[in-house]
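S.K.: Below you will find the structure I want to go over with you.
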Amino acid sequence: METKVFISGKERKLRNNALIPRKYRNTFGRDLIFDMNKLVTSYKENPELANTEVLENITFLMLKEAGEDVGETVEEFLASLENIFDLYNVLDDVVSLWAAGNKTTATSKKK
């Protein structure tokens, strides 16, 4: 799944696929599903207090997966932003892309 967003005035692509959780674990040593659940929960309760580190990390990986030039590290990516608050503008898109990529198409056989 892919979507376009604006970060620091530039249109960029975000891509979510089955490889993202593995890359997240290998890059950051954390469980993406657990972290995204915490991010979504905290965002729903109070958007201003959402965990920005998870947002920074997942946005970096989704941009990189889409072929965007974001540098080799999250720190390089963040240094390239004009304003850290640019990430808050893509929070809804990141959460929506994550949720859309995790919907099941299977139907239960039990009735």
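By order of appearance in the structure tokens: chains A, B, ..., then residues from 1 within every chain, and ligands from 1 in the order shown.
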Write out as an mmCIF file with all heavy atoms, in the first residue's frame the residues lying within 12 Å of Tyr24 in chain A, counting only C-alpha atoms and excluding same-chain residues fewer than 3 positions away.
M.R.:
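Wrote around-v5.cif, looks like this:
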data_model
loop_
_atom_site.group_PDB
_atom_site.id
_atom_site.type_symbol
_atom_site.label_atom_id
_atom_site.label_comp_id
_atom_site.auth_asym_id
_atom_site.auth_seq_id
_atom_site.Cartn_x
_atom_site.Cartn_y
_atom_site.Cartn_z
ATOM 1 N N ASN A 16 3.762 0.979 2.834
ATOM 2 C CA ASN A 16 3.658 -0.026 3.880
ATOM 3 C C ASN A 16 3.504 -1.388 3.208
ATOM 4 O O ASN A 16 2.724 -1.535 2.284
ATOM 5 C CB ASN A 16 2.450 0.252 4.779
ATOM 6 C CG ASN A 16 2.344 -0.731 5.921
ATOM 7 O OD1 ASN A 16 3.345 -1.246 6.400
ATOM 8 N ND2 ASN A 16 1.130 -1.009 6.352
ATOM 9 N N ASN A 17 4.292 -2.341 3.671
ATOM 10 C CA ASN A 17 4.163 -3.702 3.178
ATOM 11 C C ASN A 17 4.590 -4.668 4.282
ATOM 12 O O ASN A 17 4.928 -4.246 5.391
ATOM 13 C CB ASN A 17 4.973 -3.910 1.886
ATOM 14 C CG ASN A 17 6.449 -3.608 2.053
ATOM 15 O OD1 ASN A 17 7.034 -3.837 3.099
ATOM 16 N ND2 ASN A 17 7.061 -3.067 1.011
ATOM 17 N N ALA A 18 4.578 -5.944 3.987
ATOM 18 C CA ALA A 18 4.865 -6.960 5.000
ATOM 19 C C ALA A 18 6.311 -6.932 5.486
ATOM 20 O O ALA A 18 6.624 -7.494 6.534
ATOM 21 C CB ALA A 18 4.537 -8.349 4.447
ATOM 22 N N LEU A 19 7.188 -6.270 4.771
ATOM 23 C CA LEU A 19 8.591 -6.197 5.166
ATOM 24 C C LEU A 19 8.861 -5.143 6.249
ATOM 25 O O LEU A 19 9.842 -5.238 6.978
ATOM 26 C CB LEU A 19 9.441 -5.899 3.924
ATOM 27 C CG LEU A 19 10.949 -5.941 4.070
ATOM 28 C CD1 LEU A 19 11.402 -7.307 4.611
ATOM 29 C CD2 LEU A 19 11.603 -5.673 2.730
ATOM 30 N N ILE A 20 7.982 -4.179 6.369
ATOM 31 C CA ILE A 20 8.192 -3.074 7.313
ATOM 32 C C ILE A 20 8.391 -3.551 8.758
ATOM 33 O O ILE A 20 9.327 -3.095 9.421
ATOM 34 C CB ILE A 20 7.049 -2.041 7.206
ATOM 35 C CG1 ILE A 20 7.106 -1.319 5.853
ATOM 36 C CG2 ILE A 20 7.070 -1.044 8.344
ATOM 37 C CD1 ILE A 20 8.270 -0.371 5.677
ATOM 38 N N PRO A 21 7.559 -4.460 9.300
ATOM 39 C CA PRO A 21 7.794 -4.886 10.692
ATOM 40 C C PRO A 21 9.168 -5.535 10.904
ATOM 41 O O PRO A 21 9.817 -5.305 11.923
ATOM 42 C CB PRO A 21 6.666 -5.887 10.963
ATOM 43 C CG PRO A 21 5.583 -5.485 10.020
ATOM 44 C CD PRO A 21 6.297 -5.008 8.788
ATOM 45 N N THR A 27 16.185 -2.753 12.514
ATOM 46 C CA THR A 27 16.781 -1.422 12.614
ATOM 47 C C THR A 27 16.744 -0.875 14.033
ATOM 48 O O THR A 27 17.734 -0.317 14.515
ATOM 49 C CB THR A 27 16.054 -0.434 11.675
ATOM 50 O OG1 THR A 27 16.087 -0.952 10.343
ATOM 51 C CG2 THR A 27 16.711 0.931 11.696
ATOM 52 N N PHE A 28 15.617 -1.047 14.725
ATOM 53 C CA PHE A 28 15.428 -0.396 16.021
ATOM 54 C C PHE A 28 15.375 -1.365 17.199
ATOM 55 O O PHE A 28 15.327 -0.933 18.352
ATOM 56 C CB PHE A 28 14.154 0.460 16.001
ATOM 57 C CG PHE A 28 14.142 1.459 14.880
ATOM 58 C CD1 PHE A 28 13.267 1.318 13.815
ATOM 59 C CD2 PHE A 28 15.029 2.523 14.875
ATOM 60 C CE1 PHE A 28 13.256 2.223 12.772
ATOM 61 C CE2 PHE A 28 15.036 3.434 13.825
ATOM 62 C CZ PHE A 28 14.151 3.281 12.771
ATOM 63 N N GLY A 29 15.326 -2.675 16.919
ATOM 64 C CA GLY A 29 15.300 -3.662 17.987
ATOM 65 C C GLY A 29 14.011 -3.658 18.791
ATOM 66 O O GLY A 29 14.007 -4.025 19.957
ATOM 67 N N ARG A 30 12.936 -3.239 18.162
ATOM 68 C CA ARG A 30 11.648 -3.146 18.849
ATOM 69 C C ARG A 30 10.575 -3.791 17.983
ATOM 70 O O ARG A 30 10.747 -3.975 16.793
ATOM 71 C CB ARG A 30 11.290 -1.679 19.115
ATOM 72 C CG ARG A 30 12.313 -0.979 20.015
ATOM 73 C CD ARG A 30 11.892 0.408 20.414
ATOM 74 N NE ARG A 30 10.525 0.486 20.865
ATOM 75 C CZ ARG A 30 10.107 0.251 22.119
ATOM 76 N NH1 ARG A 30 10.977 -0.076 23.043
ATOM 77 N NH2 ARG A 30 8.835 0.377 22.435
ATOM 78 N N ASP A 31 9.445 -4.088 18.596
ATOM 79 C CA ASP A 31 8.314 -4.702 17.911
ATOM 80 C C ASP A 31 7.401 -3.609 17.369
ATOM 81 O O ASP A 31 6.813 -2.843 18.126
ATOM 82 C CB ASP A 31 7.550 -5.598 18.895
ATOM 83 C CG ASP A 31 6.414 -6.347 18.239
ATOM 84 O OD1 ASP A 31 5.559 -5.694 17.602
ATOM 85 O OD2 ASP A 31 6.367 -7.572 18.371
ATOM 86 N N LEU A 32 7.279 -3.540 16.043
ATOM 87 C CA LEU A 32 6.487 -2.487 15.411
ATOM 88 C C LEU A 32 5.009 -2.593 15.759
ATOM 89 O O LEU A 32 4.352 -1.581 15.977
ATOM 90 C CB LEU A 32 6.665 -2.512 13.889
ATOM 91 C CG LEU A 32 5.846 -1.495 13.113
ATOM 92 C CD1 LEU A 32 6.181 -0.073 13.546
ATOM 93 C CD2 LEU A 32 6.049 -1.658 11.625
ATOM 94 N N ILE A 33 4.480 -3.797 15.811
ATOM 95 C CA ILE A 33 3.053 -3.956 16.108
ATOM 96 C C ILE A 33 2.744 -3.407 17.501
ATOM 97 O O ILE A 33 1.784 -2.658 17.681
ATOM 98 C CB ILE A 33 2.620 -5.424 15.952
ATOM 99 C CG1 ILE A 33 2.774 -5.827 14.485
ATOM 100 C CG2 ILE A 33 1.193 -5.639 16.438
ATOM 101 C CD1 ILE A 33 2.636 -7.299 14.212
ATOM 102 N N PHE A 34 3.579 -3.740 18.468
ATOM 103 C CA PHE A 34 3.413 -3.221 19.827
ATOM 104 C C PHE A 34 3.533 -1.697 19.828
ATOM 105 O O PHE A 34 2.696 -0.993 20.409
ATOM 106 C CB PHE A 34 4.463 -3.849 20.753
ATOM 107 C CG PHE A 34 4.406 -3.346 22.162
ATOM 108 C CD1 PHE A 34 3.459 -3.834 23.046
ATOM 109 C CD2 PHE A 34 5.303 -2.389 22.604
ATOM 110 C CE1 PHE A 34 3.402 -3.364 24.357
ATOM 111 C CE2 PHE A 34 5.253 -1.915 23.909
ATOM 112 C CZ PHE A 34 4.302 -2.408 24.784
ATOM 113 N N ASP A 35 4.577 -1.172 19.175
ATOM 114 C CA ASP A 35 4.794 0.280 19.160
ATOM 115 C C ASP A 35 3.674 1.023 18.439
ATOM 116 O O ASP A 35 3.241 2.086 18.889
ATOM 117 C CB ASP A 35 6.138 0.616 18.512
ATOM 118 C CG ASP A 35 7.324 0.333 19.431
ATOM 119 O OD1 ASP A 35 7.110 -0.001 20.619
ATOM 120 O OD2 ASP A 35 8.469 0.454 18.957
ATOM 121 N N MET A 36 3.189 0.484 17.322
ATOM 122 C CA MET A 36 2.108 1.146 16.595
ATOM 123 C C MET A 36 0.808 1.121 17.398
ATOM 124 O O MET A 36 0.056 2.097 17.376
ATOM 125 C CB MET A 36 1.902 0.513 15.219
ATOM 126 C CG MET A 36 2.923 0.944 14.188
ATOM 127 S SD MET A 36 3.009 2.725 13.898
ATOM 128 C CE MET A 36 1.440 3.028 13.099
ATOM 129 N N VAL A 54 8.346 6.819 17.828
ATOM 130 C CA VAL A 54 7.767 5.775 16.982
ATOM 131 C C VAL A 54 7.356 6.379 15.643
ATOM 132 O O VAL A 54 7.621 5.799 14.586
ATOM 133 C CB VAL A 54 6.561 5.095 17.672
ATOM 134 C CG1 VAL A 54 5.864 4.141 16.721
ATOM 135 C CG2 VAL A 54 7.010 4.373 18.928
ATOM 136 N N LEU A 55 6.740 7.543 15.675
ATOM 137 C CA LEU A 55 6.332 8.215 14.437
ATOM 138 C C LEU A 55 7.540 8.516 13.558
ATOM 139 O O LEU A 55 7.514 8.289 12.347
ATOM 140 C CB LEU A 55 5.573 9.500 14.761
ATOM 141 C CG LEU A 55 5.162 10.353 13.562
ATOM 142 C CD1 LEU A 55 4.211 9.579 12.646
ATOM 143 C CD2 LEU A 55 4.526 11.650 14.031
ATOM 144 N N GLU A 56 8.600 9.037 14.149
ATOM 145 C CA GLU A 56 9.825 9.331 13.390
ATOM 146 C C GLU A 56 10.380 8.065 12.746
ATOM 147 O O GLU A 56 10.722 8.065 11.556
ATOM 148 C CB GLU A 56 10.887 9.931 14.316
ATOM 149 C CG GLU A 56 10.530 11.283 14.873
ATOM 150 C CD GLU A 56 11.341 11.655 16.100
ATOM 151 O OE1 GLU A 56 12.227 10.880 16.532
ATOM 152 O OE2 GLU A 56 11.090 12.747 16.656
ATOM 153 N N ASN A 57 10.449 6.988 13.519
ATOM 154 C CA ASN A 57 11.023 5.736 13.026
ATOM 155 C C ASN A 57 10.200 5.112 11.910
ATOM 156 O O ASN A 57 10.743 4.706 10.880
ATOM 157 C CB ASN A 57 11.182 4.736 14.174
ATOM 158 C CG ASN A 57 12.210 5.161 15.196
ATOM 159 O OD1 ASN A 57 13.036 6.038 14.954
ATOM 160 N ND2 ASN A 57 12.159 4.553 16.363
ATOM 161 N N ILE A 58 8.901 5.025 12.099
ATOM 162 C CA ILE A 58 8.056 4.370 11.099
ATOM 163 C C ILE A 58 7.959 5.222 9.835
ATOM 164 O O ILE A 58 7.956 4.695 8.716
ATOM 165 C CB ILE A 58 6.662 4.005 11.660
ATOM 166 C CG1 ILE A 58 5.889 3.125 10.674
ATOM 167 C CG2 ILE A 58 5.857 5.219 12.007
ATOM 168 C CD1 ILE A 58 6.522 1.796 10.381
ATOM 169 N N THR A 59 7.910 6.546 9.989
ATOM 170 C CA THR A 59 7.875 7.421 8.816
ATOM 171 C C THR A 59 9.158 7.266 8.009
ATOM 172 O O THR A 59 9.127 7.148 6.779
ATOM 173 C CB THR A 59 7.671 8.896 9.228
ATOM 174 O OG1 THR A 59 6.469 9.002 9.996
ATOM 175 C CG2 THR A 59 7.586 9.798 8.022
ATOM 176 N N PHE A 60 10.290 7.234 8.686
ATOM 177 C CA PHE A 60 11.582 7.022 8.032
ATOM 178 C C PHE A 60 11.570 5.728 7.219
ATOM 179 O O PHE A 60 11.936 5.717 6.038
ATOM 180 C CB PHE A 60 12.696 7.000 9.091
ATOM 181 C CG PHE A 60 14.019 6.511 8.590
ATOM 182 C CD1 PHE A 60 14.814 7.324 7.790
ATOM 183 C CD2 PHE A 60 14.481 5.243 8.914
ATOM 184 C CE1 PHE A 60 16.055 6.874 7.334
ATOM 185 C CE2 PHE A 60 15.708 4.785 8.466
ATOM 186 C CZ PHE A 60 16.502 5.607 7.669
ATOM 187 N N LEU A 61 11.139 4.625 7.836
ATOM 188 C CA LEU A 61 11.131 3.336 7.129
ATOM 189 C C LEU A 61 10.144 3.310 5.970
ATOM 190 O O LEU A 61 10.442 2.761 4.903
ATOM 191 C CB LEU A 61 10.825 2.197 8.096
ATOM 192 C CG LEU A 61 11.949 1.809 9.042
ATOM 193 C CD1 LEU A 61 11.498 0.688 9.966
ATOM 194 C CD2 LEU A 61 13.197 1.404 8.290
ATOM 195 N N MET A 62 8.953 3.893 6.165
ATOM 196 C CA MET A 62 7.962 3.903 5.082
ATOM 197 C C MET A 62 8.427 4.761 3.902
ATOM 198 O O MET A 62 8.191 4.415 2.744
ATOM 199 C CB MET A 62 6.608 4.389 5.597
ATOM 200 C CG MET A 62 5.877 3.374 6.443
ATOM 201 S SD MET A 62 4.269 4.031 6.980
ATOM 202 C CE MET A 62 3.519 2.572 7.680
ATOM 203 N N LYS A 64 11.641 5.342 3.143
ATOM 204 C CA LYS A 64 12.758 4.602 2.568
ATOM 205 C C LYS A 64 12.252 3.438 1.719
ATOM 206 O O LYS A 64 12.759 3.186 0.628
ATOM 207 C CB LYS A 64 13.668 4.113 3.688
ATOM 208 C CG LYS A 64 15.021 3.660 3.226
ATOM 209 C CD LYS A 64 15.938 3.477 4.418
ATOM 210 C CE LYS A 64 17.281 3.037 3.985
ATOM 211 N NZ LYS A 64 18.258 4.104 3.920
ATOM 212 N N GLU A 65 11.231 2.741 2.195
ATOM 213 C CA GLU A 65 10.649 1.613 1.465
ATOM 214 C C GLU A 65 10.035 2.082 0.140
ATOM 215 O O GLU A 65 10.017 1.335 -0.838
ATOM 216 C CB GLU A 65 9.603 0.907 2.328
ATOM 217 C CG GLU A 65 9.073 -0.372 1.757
ATOM 218 C CD GLU A 65 10.106 -1.482 1.633
ATOM 219 O OE1 GLU A 65 11.169 -1.431 2.291
ATOM 220 O OE2 GLU A 65 9.847 -2.421 0.859
ATOM 221 N N VAL A 74 17.775 7.562 10.813
ATOM 222 C CA VAL A 74 16.674 8.433 11.218
ATOM 223 C C VAL A 74 17.207 9.828 11.535
ATOM 224 O O VAL A 74 16.571 10.830 11.208
ATOM 225 C CB VAL A 74 15.920 7.849 12.437
ATOM 226 C CG1 VAL A 74 14.865 8.811 12.937
ATOM 227 C CG2 VAL A 74 15.301 6.522 12.097
#
S.K.: Tell me, which residues of chain A carry DSSP strand (DSSP E or B), written as a VMD selection string?
M.R.: chain A and resid 2 to 7 10 to 15
S.K.: Which residue out of A:Trp98, A:Lys38, A:Arg22, A:Ile7 has the minimum interatomic distance to Ala50 in chain A when only C-alpha atoms are used?
M.R.: A:Lys38
S.K.: Quick one: pick out all alpha helix (DSSP H) residues within range 15-79 of chain A from a backbone DSSP run and write them as number ranges by chain.
M.R.: A: 20-28, 32-45, 52-65, 74-79
S.K.: Counting only C-alpha atoms, which residues of range 6-26 of chain A fall within 8 Å of range 76-96 of chain A, and what is the closest atom pair for each with its distance in Å at one decimal, ordered by chain and rising number, as a tab-separated table?
M.R.:
residue	atom	partner	partner_atom	distance
A:Phe6	CA	A:Val90	CA	7.5
A:Ile7	CA	A:Asp86	CA	5.7
A:Ser8	CA	A:Glu82	CA	5.7
A:Leu14	CA	A:Val94	CA	7.8
S.K.: Would you please work out which residue, of A:Asn26, A:Asn37, A:Thr73, A:Ala100, is nearest to Thr3 in chain A when using only C-alpha atoms?
M.R.: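 Between A:Asn26, A:Asn37, A:Thr73, A:Ala100, the residue approaching Thr3 in chain A most closely is A:Ala100.
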